[in-house]
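> Sharing start.csv (CSV, C-alpha atoms) below.
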chain,number,residue,atom,x,y,z
A,26,MET,CA,-57.4,153.6,-154.8
A,27,ASP,CA,-56.2,150.7,-156.9
A,28,GLU,CA,-57.4,147.0,-157.0
A,29,PHE,CA,-55.1,146.0,-154.2
A,30,GLY,CA,-56.3,148.9,-152.0
A,31,LYS,CA,-59.9,147.8,-152.6
A,32,LEU,CA,-59.0,144.2,-151.7
A,33,ALA,CA,-57.3,145.5,-148.5
A,34,ALA,CA,-60.4,147.6,-147.6
A,35,ARG,CA,-62.7,144.6,-148.1
A,36,GLU,CA,-60.4,142.5,-145.8
A,37,SER,CA,-60.4,145.2,-143.2
A,38,GLU,CA,-64.2,145.4,-143.3
A,39,ALA,CA,-64.4,141.6,-143.1
A,40,ARG,CA,-62.1,141.6,-140.1
A,41,ARG,CA,-64.3,144.1,-138.3
A,42,ILE,CA,-67.4,142.0,-139.0
A,43,VAL,CA,-65.8,138.9,-137.7
A,44,ARG,CA,-64.6,140.6,-134.5
A,45,ARG,CA,-68.1,141.9,-133.8
A,46,GLN,CA,-69.6,138.5,-134.5
A,47,TRP,CA,-67.2,136.9,-132.0
A,48,PHE,CA,-68.2,139.6,-129.5
A,49,TRP,CA,-71.9,138.9,-129.9
A,50,LEU,CA,-71.3,135.2,-129.5
A,51,HIS,CA,-69.3,135.8,-126.3
A,52,ALA,CA,-72.1,138.1,-125.0
A,53,ALA,CA,-74.7,135.5,-125.7
A,54,VAL,CA,-72.8,132.8,-123.9
A,55,PHE,CA,-72.2,135.2,-121.0
A,56,ALA,CA,-75.9,136.0,-120.7
A,57,ALA,CA,-77.0,132.4,-121.0
A,58,VAL,CA,-74.5,131.2,-118.3
A,59,GLN,CA,-75.4,134.1,-116.0
A,60,ILE,CA,-79.1,133.4,-116.3
A,61,TYR,CA,-78.4,129.8,-115.6
A,62,LEU,CA,-76.4,130.6,-112.4
A,63,TYR,CA,-79.1,133.1,-111.3
A,64,VAL,CA,-81.8,130.4,-111.7
A,65,ILE,CA,-79.7,127.9,-109.6
A,66,TRP,CA,-79.3,130.6,-106.9
A,67,LEU,CA,-83.0,131.3,-107.0
A,68,LEU,CA,-83.9,127.6,-106.7
A,69,GLY,CA,-81.4,127.1,-103.9
A,70,SER,CA,-81.4,128.7,-100.5
A,71,GLY,CA,-81.4,132.1,-102.1
A,72,SER,CA,-79.4,133.6,-99.2
A,73,HIS,CA,-76.0,134.9,-100.2
A,74,PRO,CA,-76.0,136.2,-103.8
A,75,TRP,CA,-72.9,134.2,-104.9
A,76,PHE,CA,-73.9,134.4,-108.6
A,77,LEU,CA,-72.7,138.1,-108.5
A,78,TYR,CA,-69.0,137.0,-108.3
A,79,PRO,CA,-68.8,135.2,-111.6
A,80,LEU,CA,-71.1,137.9,-113.1
A,81,PHE,CA,-68.8,140.8,-112.3
A,82,GLY,CA,-65.6,138.9,-113.0
A,83,TRP,CA,-66.8,137.8,-116.4
A,84,LEU,CA,-68.3,141.2,-117.1
A,85,ILE,CA,-64.8,142.7,-117.0
A,86,LEU,CA,-63.8,140.3,-119.8
A,87,VAL,CA,-66.9,141.0,-121.8
A,88,ALA,CA,-66.2,144.8,-121.5
A,89,ALA,CA,-62.6,144.2,-122.6
A,90,HIS,CA,-63.9,142.2,-125.5
A,91,ALA,CA,-66.3,144.9,-126.5
A,92,VAL,CA,-63.5,147.4,-126.6
A,93,ILE,CA,-61.5,145.1,-128.9
A,94,ALA,CA,-64.5,144.5,-131.1
A,95,PHE,CA,-65.8,148.0,-131.4
A,96,VAL,CA,-62.9,150.4,-130.6
A,97,VAL,CA,-59.4,148.9,-131.2
A,98,ARG,CA,-58.0,148.8,-134.7
A,99,THR,CA,-54.6,147.8,-135.9
A,100,PRO,CA,-52.4,150.5,-137.5
A,101,GLU,CA,-52.8,149.0,-140.9
A,102,GLU,CA,-56.6,148.9,-140.6
A,103,ILE,CA,-56.6,152.6,-139.6
A,104,LEU,CA,-54.4,153.5,-142.6
A,105,VAL,CA,-56.4,151.4,-145.1
A,106,GLU,CA,-59.8,152.8,-143.9
A,107,ARG,CA,-58.5,156.4,-144.0
A,108,GLU,CA,-57.3,155.9,-147.5
A,109,ALA,CA,-60.6,154.3,-148.5
A,110,LYS,CA,-62.5,157.3,-147.0
A,111,GLN,CA,-60.2,159.8,-148.8
A,112,THR,CA,-60.7,158.2,-152.1
A,113,GLY,CA,-64.4,157.9,-151.6
A,114,GLN,CA,-64.3,154.1,-151.5
A,115,ARG,CA,-66.6,152.7,-148.8
A,116,PRO,CA,-64.6,149.8,-147.2
B,14,MET,CA,-69.9,106.2,-140.2
B,15,ARG,CA,-67.2,106.7,-142.9
B,16,TRP,CA,-66.8,110.3,-141.6
B,17,LEU,CA,-66.2,108.9,-138.1
B,18,LEU,CA,-63.7,106.2,-139.0
B,19,GLU,CA,-61.8,108.2,-141.7
B,20,PRO,CA,-59.3,109.8,-139.3
B,21,HIS,CA,-58.2,106.5,-137.8
B,22,GLY,CA,-55.7,105.7,-140.4
B,23,ASP,CA,-54.6,109.4,-140.7
B,24,ARG,CA,-51.1,110.2,-139.6
B,25,GLN,CA,-52.3,113.7,-138.6
B,26,THR,CA,-54.5,112.3,-135.9
B,27,LEU,CA,-51.6,110.5,-134.3
B,28,LEU,CA,-49.4,113.6,-134.5
B,29,ILE,CA,-52.1,115.6,-132.7
B,30,LEU,CA,-52.1,113.0,-129.9
B,31,VAL,CA,-48.3,113.1,-129.7
B,32,TYR,CA,-48.4,116.9,-129.5
B,33,LEU,CA,-50.9,116.9,-126.7
B,34,LEU,CA,-48.8,114.5,-124.7
B,35,PHE,CA,-45.4,116.0,-125.3
B,36,SER,CA,-46.2,119.8,-125.1
B,37,LEU,CA,-46.3,119.5,-121.3
B,38,PRO,CA,-42.6,118.9,-120.6
B,39,LEU,CA,-41.6,121.8,-122.9
B,40,ALA,CA,-44.2,124.0,-121.3
B,41,ILE,CA,-42.9,123.3,-117.8
B,42,VAL,CA,-39.3,124.1,-118.7
B,43,GLY,CA,-40.4,127.2,-120.5
B,44,PHE,CA,-42.7,128.5,-117.8
B,45,VAL,CA,-40.2,127.9,-115.0
B,46,VAL,CA,-37.1,129.4,-116.8
B,47,VAL,CA,-38.9,132.4,-118.3
B,48,LEU,CA,-40.8,133.2,-115.2
B,49,VAL,CA,-37.7,133.0,-113.0
B,50,PHE,CA,-35.6,135.2,-115.4
B,51,VAL,CA,-38.3,137.8,-116.0
B,52,ALA,CA,-39.4,138.0,-112.3
B,53,VAL,CA,-35.9,138.3,-111.0
B,54,GLY,CA,-34.9,140.6,-113.8
B,55,LEU,CA,-37.8,142.9,-113.1
B,56,GLY,CA,-37.1,142.8,-109.4
B,57,LEU,CA,-33.5,143.8,-109.9
B,58,LEU,CA,-34.2,146.3,-112.6
B,59,ILE,CA,-33.6,149.2,-110.2
B,60,THR,CA,-30.0,148.0,-109.7
B,61,LEU,CA,-29.5,147.5,-113.5
B,62,ALA,CA,-28.4,143.9,-112.7
B,63,GLY,CA,-31.9,143.0,-113.8
B,64,LEU,CA,-31.3,144.1,-117.4
B,65,PRO,CA,-29.1,141.1,-118.5
B,66,LEU,CA,-31.5,138.7,-116.7
B,67,LEU,CA,-34.5,140.2,-118.6
B,68,ALA,CA,-32.5,139.9,-121.9
B,69,VAL,CA,-31.8,136.2,-121.1
B,70,GLY,CA,-35.5,135.7,-120.2
B,71,MET,CA,-36.6,137.2,-123.5
B,72,ARG,CA,-34.0,135.2,-125.5
B,73,PHE,CA,-35.2,132.0,-123.9
B,74,ALA,CA,-38.8,132.9,-124.6
B,75,HIS,CA,-37.9,133.5,-128.2
B,76,ALA,CA,-36.0,130.1,-128.4
B,77,LEU,CA,-39.0,128.4,-126.8
B,78,ALA,CA,-41.4,130.1,-129.2
B,79,SER,CA,-39.3,129.0,-132.2
B,80,ILE,CA,-39.6,125.4,-131.1
B,81,GLU,CA,-43.3,125.8,-130.5
B,82,ARG,CA,-43.7,127.4,-134.0
B,83,SER,CA,-42.1,124.4,-135.7
B,84,LEU,CA,-44.0,121.9,-133.5
B,85,VAL,CA,-47.5,123.4,-134.2
B,86,ALA,CA,-46.7,123.9,-137.9
B,87,SER,CA,-45.4,120.3,-138.4
B,88,MET,CA,-47.6,118.4,-136.0
B,89,LEU,CA,-50.9,120.4,-135.9
B,90,ASP,CA,-50.6,121.7,-139.5
B,91,ALA,CA,-51.1,125.3,-138.1
B,92,PRO,CA,-50.4,128.4,-140.2
B,93,MET,CA,-47.2,129.8,-138.8
B,94,PRO,CA,-44.8,132.4,-140.3
B,95,ARG,CA,-41.4,131.0,-141.3
B,96,ALA,CA,-38.4,132.5,-139.6
B,97,THR,CA,-39.1,136.1,-138.7
B,98,GLN,CA,-36.5,138.6,-137.8
B,99,LEU,CA,-36.9,141.6,-135.5
B,100,SER,CA,-36.7,145.1,-136.9
B,101,ARG,CA,-33.6,146.9,-135.6
B,102,GLN,CA,-34.8,150.2,-137.0
B,103,GLY,CA,-34.2,153.0,-134.6
B,104,ALA,CA,-32.2,150.9,-132.2
B,105,THR,CA,-29.0,152.6,-131.1
B,106,GLY,CA,-26.2,152.0,-128.7
B,107,GLY,CA,-23.9,149.1,-128.1
B,108,PHE,CA,-24.7,145.5,-129.0
B,109,PHE,CA,-26.3,144.6,-125.6
B,110,TRP,CA,-28.5,147.7,-125.4
B,111,ARG,CA,-29.4,147.5,-129.1
B,112,GLU,CA,-30.5,143.9,-128.7
B,113,LEU,CA,-32.5,144.6,-125.5
B,114,SER,CA,-34.2,147.7,-126.9
B,115,THR,CA,-35.1,145.9,-130.1
B,116,ARG,CA,-36.7,143.1,-128.2
B,117,ILE,CA,-38.6,145.4,-125.8
B,118,ARG,CA,-40.0,147.4,-128.7
B,119,SER,CA,-41.1,144.4,-130.6
B,120,GLY,CA,-44.7,143.1,-130.2
B,121,GLN,CA,-43.3,139.7,-131.1
B,122,THR,CA,-41.3,139.5,-127.9
B,123,TRP,CA,-44.4,140.3,-125.8
B,124,GLY,CA,-46.4,137.7,-127.7
B,125,GLU,CA,-43.6,135.2,-127.0
B,126,LEU,CA,-43.5,136.1,-123.3
B,127,GLY,CA,-47.3,135.9,-123.0
B,128,PHE,CA,-47.2,132.5,-124.7
B,129,ALA,CA,-44.5,131.2,-122.3
B,130,MET,CA,-46.9,132.1,-119.4
B,131,LEU,CA,-50.0,130.7,-121.1
B,132,GLN,CA,-48.4,127.6,-122.5
B,133,LEU,CA,-48.3,125.8,-119.1
B,134,PRO,CA,-52.1,125.9,-118.3
B,135,LEU,CA,-52.8,125.1,-122.0
B,136,ALA,CA,-50.3,122.2,-122.0
B,137,VAL,CA,-51.8,120.8,-118.8
B,138,LEU,CA,-55.2,120.9,-120.5
B,139,ASN,CA,-53.8,119.3,-123.6
B,140,PHE,CA,-52.2,116.6,-121.5
B,141,VAL,CA,-55.4,115.9,-119.6
B,142,VAL,CA,-57.3,115.6,-122.9
B,143,GLY,CA,-54.7,113.3,-124.4
B,144,VAL,CA,-54.3,111.0,-121.4
B,145,GLY,CA,-58.0,111.1,-120.7
B,146,LEU,CA,-58.8,109.9,-124.3
B,147,ILE,CA,-56.2,107.2,-124.1
B,148,GLY,CA,-57.6,106.1,-120.8
B,149,LEU,CA,-61.2,106.0,-122.1
B,150,MET,CA,-60.1,104.2,-125.3
B,151,PHE,CA,-58.2,101.4,-123.6
B,152,GLY,CA,-59.3,101.5,-119.9
B,153,GLY,CA,-62.2,99.2,-120.5
B,154,PHE,CA,-59.9,96.4,-121.7
B,155,ALA,CA,-57.8,96.6,-118.6
B,156,PHE,CA,-60.5,95.2,-116.3
B,157,PRO,CA,-60.8,91.8,-118.1
B,158,VAL,CA,-57.0,91.5,-118.4
B,159,LEU,CA,-56.6,92.1,-114.7
B,160,GLN,CA,-59.4,89.7,-113.9
B,161,LEU,CA,-57.7,87.0,-116.1
B,162,ALA,CA,-54.5,87.7,-114.1
B,163,GLY,CA,-56.5,87.0,-110.9
B,164,VAL,CA,-56.6,90.6,-109.7
B,165,ASP,CA,-59.8,92.1,-108.5
B,166,SER,CA,-60.4,95.7,-109.5
B,167,GLU,CA,-62.5,98.5,-108.1
B,168,PHE,CA,-64.5,101.2,-109.8
B,169,GLY,CA,-65.5,103.7,-107.2
B,170,THR,CA,-67.3,101.6,-104.5
B,171,TRP,CA,-68.0,98.8,-106.9
B,172,GLU,CA,-65.7,95.8,-106.6
B,173,ILE,CA,-65.3,93.9,-109.9
B,174,ASP,CA,-64.7,90.3,-108.9
B,175,SER,CA,-65.9,88.2,-111.8
B,176,PHE,CA,-65.0,88.0,-115.5
B,177,GLY,CA,-68.6,88.9,-116.6
B,178,GLU,CA,-68.5,92.1,-114.5
B,179,SER,CA,-65.1,93.0,-115.9
B,180,LEU,CA,-66.5,93.1,-119.5
B,181,ILE,CA,-69.0,95.9,-118.7
B,182,PHE,CA,-66.7,98.8,-119.7
B,183,ILE,CA,-65.7,97.3,-123.0
B,184,PRO,CA,-68.6,98.9,-124.9
B,185,ALA,CA,-67.7,102.3,-123.6
B,186,SER,CA,-64.0,101.8,-124.6
B,187,LEU,CA,-65.1,100.6,-128.1
B,188,LEU,CA,-67.2,103.8,-128.4
B,189,PHE,CA,-64.3,106.0,-127.5
B,190,LEU,CA,-62.0,104.0,-129.8
B,191,ALA,CA,-64.4,105.0,-132.6
B,192,VAL,CA,-64.9,108.6,-131.7
B,193,ALA,CA,-61.5,109.6,-130.2
B,194,PRO,CA,-59.8,110.6,-133.4
B,195,ARG,CA,-62.7,112.9,-134.2
B,196,LEU,CA,-62.5,114.3,-130.7
B,197,LEU,CA,-58.8,115.0,-131.2
B,198,ILE,CA,-59.5,116.8,-134.4
B,199,ALA,CA,-62.2,118.8,-132.7
B,200,TRP,CA,-59.7,119.8,-130.0
B,201,ARG,CA,-57.0,120.8,-132.4
B,202,PRO,CA,-58.3,124.4,-133.1
B,203,ILE,CA,-57.7,125.3,-129.4
B,204,PRO,CA,-53.9,124.9,-129.3
B,205,VAL,CA,-53.6,126.1,-132.9
B,206,GLY,CA,-55.7,129.2,-132.1
B,207,VAL,CA,-53.6,130.2,-129.0
B,208,SER,CA,-50.3,129.5,-130.8
B,209,THR,CA,-51.3,131.4,-134.0
B,210,LEU,CA,-52.7,134.3,-131.9
B,211,LEU,CA,-49.5,134.8,-129.9
B,212,LEU,CA,-46.7,133.4,-132.1
B,213,GLY,CA,-48.1,133.6,-135.6
B,214,ARG,CA,-47.4,137.3,-136.0
B,215,LEU,CA,-45.1,139.6,-137.8
B,216,GLY,CA,-44.7,142.8,-135.8
B,217,TRP,CA,-45.6,146.1,-137.5
B,218,GLY,CA,-41.9,147.2,-137.5
B,219,GLU,CA,-40.8,143.8,-138.9
B,220,LEU,CA,-43.5,143.9,-141.6
B,221,ARG,CA,-42.4,147.4,-142.8
B,222,GLN,CA,-38.8,146.3,-142.8
B,223,ALA,CA,-39.7,143.2,-144.9
B,224,VAL,CA,-41.8,145.3,-147.3
B,225,GLY,CA,-38.8,147.7,-147.7
B,226,GLU,CA,-36.5,144.7,-148.4
B,227,ALA,CA,-39.0,143.2,-150.9
B,228,ILE,CA,-39.2,146.6,-152.8
B,229,ALA,CA,-35.4,147.0,-152.7
B,230,GLY,CA,-34.9,143.4,-153.9
B,231,ARG,CA,-37.2,144.0,-156.9
B,232,GLY,CA,-36.2,147.5,-157.7
B,233,HIS,CA,-39.9,148.4,-158.1
B,234,GLY,CA,-43.1,146.4,-157.9
B,235,ASP,CA,-46.9,146.6,-157.3
B,236,ALA,CA,-48.6,145.6,-154.1
B,237,PHE,CA,-49.5,142.1,-155.5
B,238,GLU,CA,-45.9,141.4,-156.3
B,239,ILE,CA,-44.7,142.5,-152.9
B,240,LEU,CA,-47.4,140.4,-151.3
B,241,ASP,CA,-46.2,137.4,-153.3
B,242,ASP,CA,-42.6,138.1,-152.2
B,243,LEU,CA,-43.6,138.2,-148.5
B,244,GLN,CA,-45.7,135.1,-148.8
B,245,ARG,CA,-42.7,133.3,-150.3
B,246,ARG,CA,-40.5,134.5,-147.5
B,247,TYR,CA,-42.8,133.9,-144.5
B,248,GLY,CA,-45.4,131.5,-145.8
B,249,PRO,CA,-49.0,132.4,-146.6
B,250,GLY,CA,-51.1,133.4,-143.6
B,251,PRO,CA,-52.8,136.3,-141.8
B,252,TRP,CA,-49.4,137.9,-141.1
B,253,VAL,CA,-49.0,139.0,-144.7
B,254,SER,CA,-52.6,139.6,-145.8
B,255,PRO,CA,-53.5,142.4,-148.2
B,256,VAL,CA,-54.6,144.8,-145.4
B,257,ARG,CA,-51.3,144.4,-143.7
B,258,VAL,CA,-49.2,144.9,-146.8
B,259,GLU,CA,-51.4,147.9,-148.0
B,260,GLY,CA,-51.2,149.4,-144.5
B,261,ALA,CA,-47.4,149.0,-144.5
B,262,LEU,CA,-47.1,150.5,-148.0
B,263,LEU,CA,-49.3,153.5,-147.1
B,264,ALA,CA,-47.3,154.1,-143.9
B,265,MET,CA,-44.0,153.9,-145.6
B,266,THR,CA,-45.1,156.1,-148.5
B,267,GLU,CA,-46.3,158.7,-146.1
B,268,ALA,CA,-43.1,158.6,-144.1
B,269,GLY,CA,-41.1,159.0,-147.3
B,270,VAL,CA,-39.3,155.7,-146.9
B,271,ILE,CA,-40.5,154.5,-150.3
B,272,GLY,CA,-41.8,156.2,-153.4
B,273,SER,CA,-45.0,155.5,-155.3
B,274,GLU,CA,-46.0,156.0,-158.9
B,275,PRO,CA,-49.7,155.7,-159.9
B,276,SER,CA,-50.2,153.7,-163.1
B,277,PRO,CA,-53.4,152.4,-164.9
B,278,GLU,CA,-52.4,148.8,-163.8
B,279,GLY,CA,-52.1,149.9,-160.1
B,280,THR,CA,-49.7,151.9,-157.9
B,281,ARG,CA,-46.0,150.9,-158.3
B,282,TYR,CA,-43.7,151.2,-155.4
B,283,LEU,CA,-40.0,151.9,-155.5
B,284,PRO,CA,-37.1,152.5,-153.1
B,285,MET,CA,-36.7,156.1,-152.2
B,286,GLN,CA,-33.2,156.4,-153.9
B,287,ALA,CA,-34.9,155.4,-157.2
B,288,SER,CA,-38.1,157.4,-156.8
B,289,PRO,CA,-38.9,160.6,-158.7
B,290,LEU,CA,-39.7,162.3,-155.4
B,291,ALA,CA,-36.1,161.6,-154.2
B,292,GLU,CA,-34.7,163.0,-157.5
B,293,HIS,CA,-36.9,166.0,-157.1
B,294,ASP,CA,-35.6,166.6,-153.5
B,295,HIS,CA,-32.0,166.5,-154.7
Would you mind writing the file's structure down as structure tokens?

Amino acid sequence: MDEFGKLAARESEARRIVRRQWFWLHAAVFAAVQIYLYVIWLLGSGSHPWFLYPLFGWLILVAAHAVIAFVVRTPEEILVEREAKQTGQRP
Amino acid sequence: MRWLLEPHGDRQTLLILVYLLFSLPLAIVGFVVVLVFVAVGLGLLITLAGLPLLAVGMRFAHALASIERSLVASMLDAPMPRATQLSRQGATGGFFWRELSTRIRSGQTWGELGFAMLQLPLAVLNFVVGVGLIGLMFGGFAFPVLQLAGVDSEFGTWEIDSFGESLIFIPASLLFLAVAPRLLIAWRPIPVGVSTLLLGRLGWGELRQAVGEAIAGRGHGDAFEILDDLQRRYGPGPWVSPVRVEGALLAMTEAGVIGSEPSPEGTRYLPMQASPLAEHDH
């Protein structure tokens, strides 16, 4: 793997880290908002559990974000990472 | 304080405000036309009459995206690729079918259609922010002007019927006059992010075609030189980063579209006709 390949592998790794950081930020905001809504529900009448609707709706988006952050890779990232593994360069 | 007041005299701040106000009419036209053509086109697809309508919808979305690209690049200073062209690799048939299949297979088209749909809610939000800030900046001065003209005003249930009362909102407006440019700059990454995500892209097929053309134009070159060529052609940005160029080069080398020669300075890439592999094959 030449210098450009190493540069590309580093960029691929950086992209993955950034994607994961965005996901954890999203998950933290999700958790904070859901706890807030749950507390409001608890302090209110506490009858119909309305806080479940935003929880499950948003959970779908969080799950989709998790797939993008941890599973999905672009074709160029797959190729660059495979090349890095073949040449023994840890990206 | 200097940090707060610095953007007041900046042309960029005014351009952001103009963009926020004027992106709405473009978004309304784009949303209505693209939605109508795509929805009717998909509905009539079974009769084949939907195909030309779909093609028109995609063409229109592309034209709209081109306008938006130039607007965000010039007014919001967003990174945006210069003119991109769709890869026609693998497209066969007559002109109409070739055009349609090229567009359907391109990720760029889907990004442009997605943007046409997303642009309206985003433009409404932009407009609300722009008009809201203008209102907050200057609204406080309207009450004394109206009072001097002999017109009583109302703010909720409160009737402002004396000049002294009418001055009460001036401090709030002065505050917003001071902070509004910073708020505009803080808002800028939202329209820039959406536009860059959906429009600031060079599809995988287009990228490989551009890499092939760069190598053919040079005769041979290393990856750094090819990256330079692509950045000159499309402008620097995430669409021609090292990982994208290296990925395209690896894919094209594997597919036998280009040849590669390892050297101590780095791998050199060359068109297949000129590569030693091609000579060996013949």
> Skip Val144 (chain B) itself and residues of its chain fewer than 3 positions away, then list as a PyMOL selection string all residues within 12 Å of it, counting all atoms listed in the file.
chain B and resi 30-35+37+136-141+147-152+193+197
> So which one's closest to chain B, A:Gly30, A:Trp66, A:Leu84, A:Trp47? Using all atoms listed in the file, please.
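Nearest candidate to chain B out of A:Gly30, A:Trp66, A:Leu84, A:Trp47: A:Gly30.
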> What residues in chain A have any atom no more than 12 Å from chain B when counting only C-alpha atoms, and can you write them as a ChimeraX atom specification?
/A:26-40,98-109,116
> In Å, how far is it from CA of Phe189 (chain B) to CA of Pro134 (chain B)?
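About the pair CA of Phe189 (chain B) and CA of Pro134 (chain B): they are 25.1 Å apart.
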> Between CA of Asp241 (chain B) and CA of Arg281 (chain B), what distance in Å does the model show, to one decimal?
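Distance reported for this atom pair: 14.4 Å.
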> Find the distance between CA of Ser36 (chain B) and CA of Leu50 (chain A) and write it in Å to one decimal.
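We find that CA of Ser36 (chain B) and CA of Leu50 (chain A) lie 29.8 Å from each other.
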> What's the 9 Å shell around His51 (chain A), counting all atoms listed in the file, without same-chain residues fewer than 4 positions away, as a PDB file with C-alpha atoms, keeping the file's coordinate frame?

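Output below, filename result16.pdb:
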ATOM      1  CA  GLN A  46     -69.600 138.500-134.500  1.00  0.00           C
ATOM      2  CA  TRP A  47     -67.200 136.900-132.000  1.00  0.00           C
ATOM      3  CA  PHE A  55     -72.200 135.200-121.000  1.00  0.00           C
ATOM      4  CA  ALA A  56     -75.900 136.000-120.700  1.00  0.00           C
ATOM      5  CA  VAL A  87     -66.900 141.000-121.800  1.00  0.00           C
ATOM      6  CA  HIS A  90     -63.900 142.200-125.500  1.00  0.00           C
TER       7      HIS A  90
END
> Can you pull out every residue within 12 Å of Phe109 (chain B), counting all atoms listed in the file, but drop anything in the same chain fewer than 6 positions away, and send it as a count of residues only?
8
> Give me the residues within 10 Å of Gly230 (chain B) as a PDB file with C-alpha atoms, keeping the file's coordinate frame, counting all atoms listed in the file and dropping any in the same chain fewer than 6 places off.

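Final file, result.pdb:
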ATOM      1  CA  VAL B 224     -41.800 145.300-147.300  1.00  0.00           C
ATOM      2  CA  ILE B 239     -44.700 142.500-152.900  1.00  0.00           C
ATOM      3  CA  ASP B 242     -42.600 138.100-152.200  1.00  0.00           C
ATOM      4  CA  PRO B 284     -37.100 152.500-153.100  1.00  0.00           C
TER       5      PRO B 284
END
> Which residue out of B:Gly250, B:Ile183, B:Leu84, B:Glu167 has the minimum interatomic distance to Leu39 (chain B) when all atoms listed in the file are used?
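Smallest distance to Leu39 (chain B) is found for B:Leu84.
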> Tell me which residues come within 7 Å of (-74.1, 131.9, -112.3), as a ChimeraX atom specification, counting only C-alpha atoms in the file's coordinates.
/A:58-63,76,79-80
> Because the input lacks atoms here, generate N, CA and C atoms for region 40-54 of chain A and report them as a compact mmCIF listing (two decimals), in the frame of the given file.

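Saved to result_31.txt:
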# COMPACT_ATOMS: atom_id res chain seq x y z
N ARG A 40 -62.67 141.75 -141.39
CA ARG A 40 -62.10 141.60 -140.10
C ARG A 40 -62.95 142.18 -138.99
N ARG A 41 -63.45 143.40 -139.29
CA ARG A 41 -64.30 144.10 -138.30
C ARG A 41 -65.57 143.32 -138.05
N ILE A 42 -66.18 142.81 -139.12
CA ILE A 42 -67.40 142.00 -139.00
C ILE A 42 -67.18 140.80 -138.13
N VAL A 43 -66.08 140.09 -138.42
CA VAL A 43 -65.80 138.90 -137.70
C VAL A 43 -65.55 139.17 -136.20
N ARG A 44 -64.80 140.25 -135.93
CA ARG A 44 -64.60 140.60 -134.50
C ARG A 44 -65.87 140.89 -133.80
N ARG A 45 -66.79 141.58 -134.48
CA ARG A 45 -68.10 141.90 -133.80
C ARG A 45 -68.92 140.64 -133.66
N GLN A 46 -68.87 139.74 -134.63
CA GLN A 46 -69.60 138.50 -134.50
C GLN A 46 -69.14 137.67 -133.30
N TRP A 47 -67.80 137.62 -133.13
CA TRP A 47 -67.20 136.90 -132.00
C TRP A 47 -67.69 137.54 -130.68
N PHE A 48 -67.73 138.88 -130.68
CA PHE A 48 -68.20 139.60 -129.50
C PHE A 48 -69.61 139.20 -129.13
N TRP A 49 -70.51 139.23 -130.12
CA TRP A 49 -71.90 138.90 -129.90
C TRP A 49 -72.10 137.49 -129.40
N LEU A 50 -71.28 136.60 -129.97
CA LEU A 50 -71.30 135.20 -129.50
C LEU A 50 -70.91 135.10 -128.05
N HIS A 51 -69.82 135.80 -127.71
CA HIS A 51 -69.30 135.80 -126.30
C HIS A 51 -70.40 136.39 -125.39
N ALA A 52 -71.03 137.50 -125.82
CA ALA A 52 -72.10 138.10 -125.00
C ALA A 52 -73.25 137.20 -124.79
N ALA A 53 -73.60 136.45 -125.84
CA ALA A 53 -74.70 135.50 -125.70
C ALA A 53 -74.43 134.40 -124.75
N VAL A 54 -73.20 133.86 -124.84
CA VAL A 54 -72.80 132.80 -123.90
C VAL A 54 -72.77 133.32 -122.48
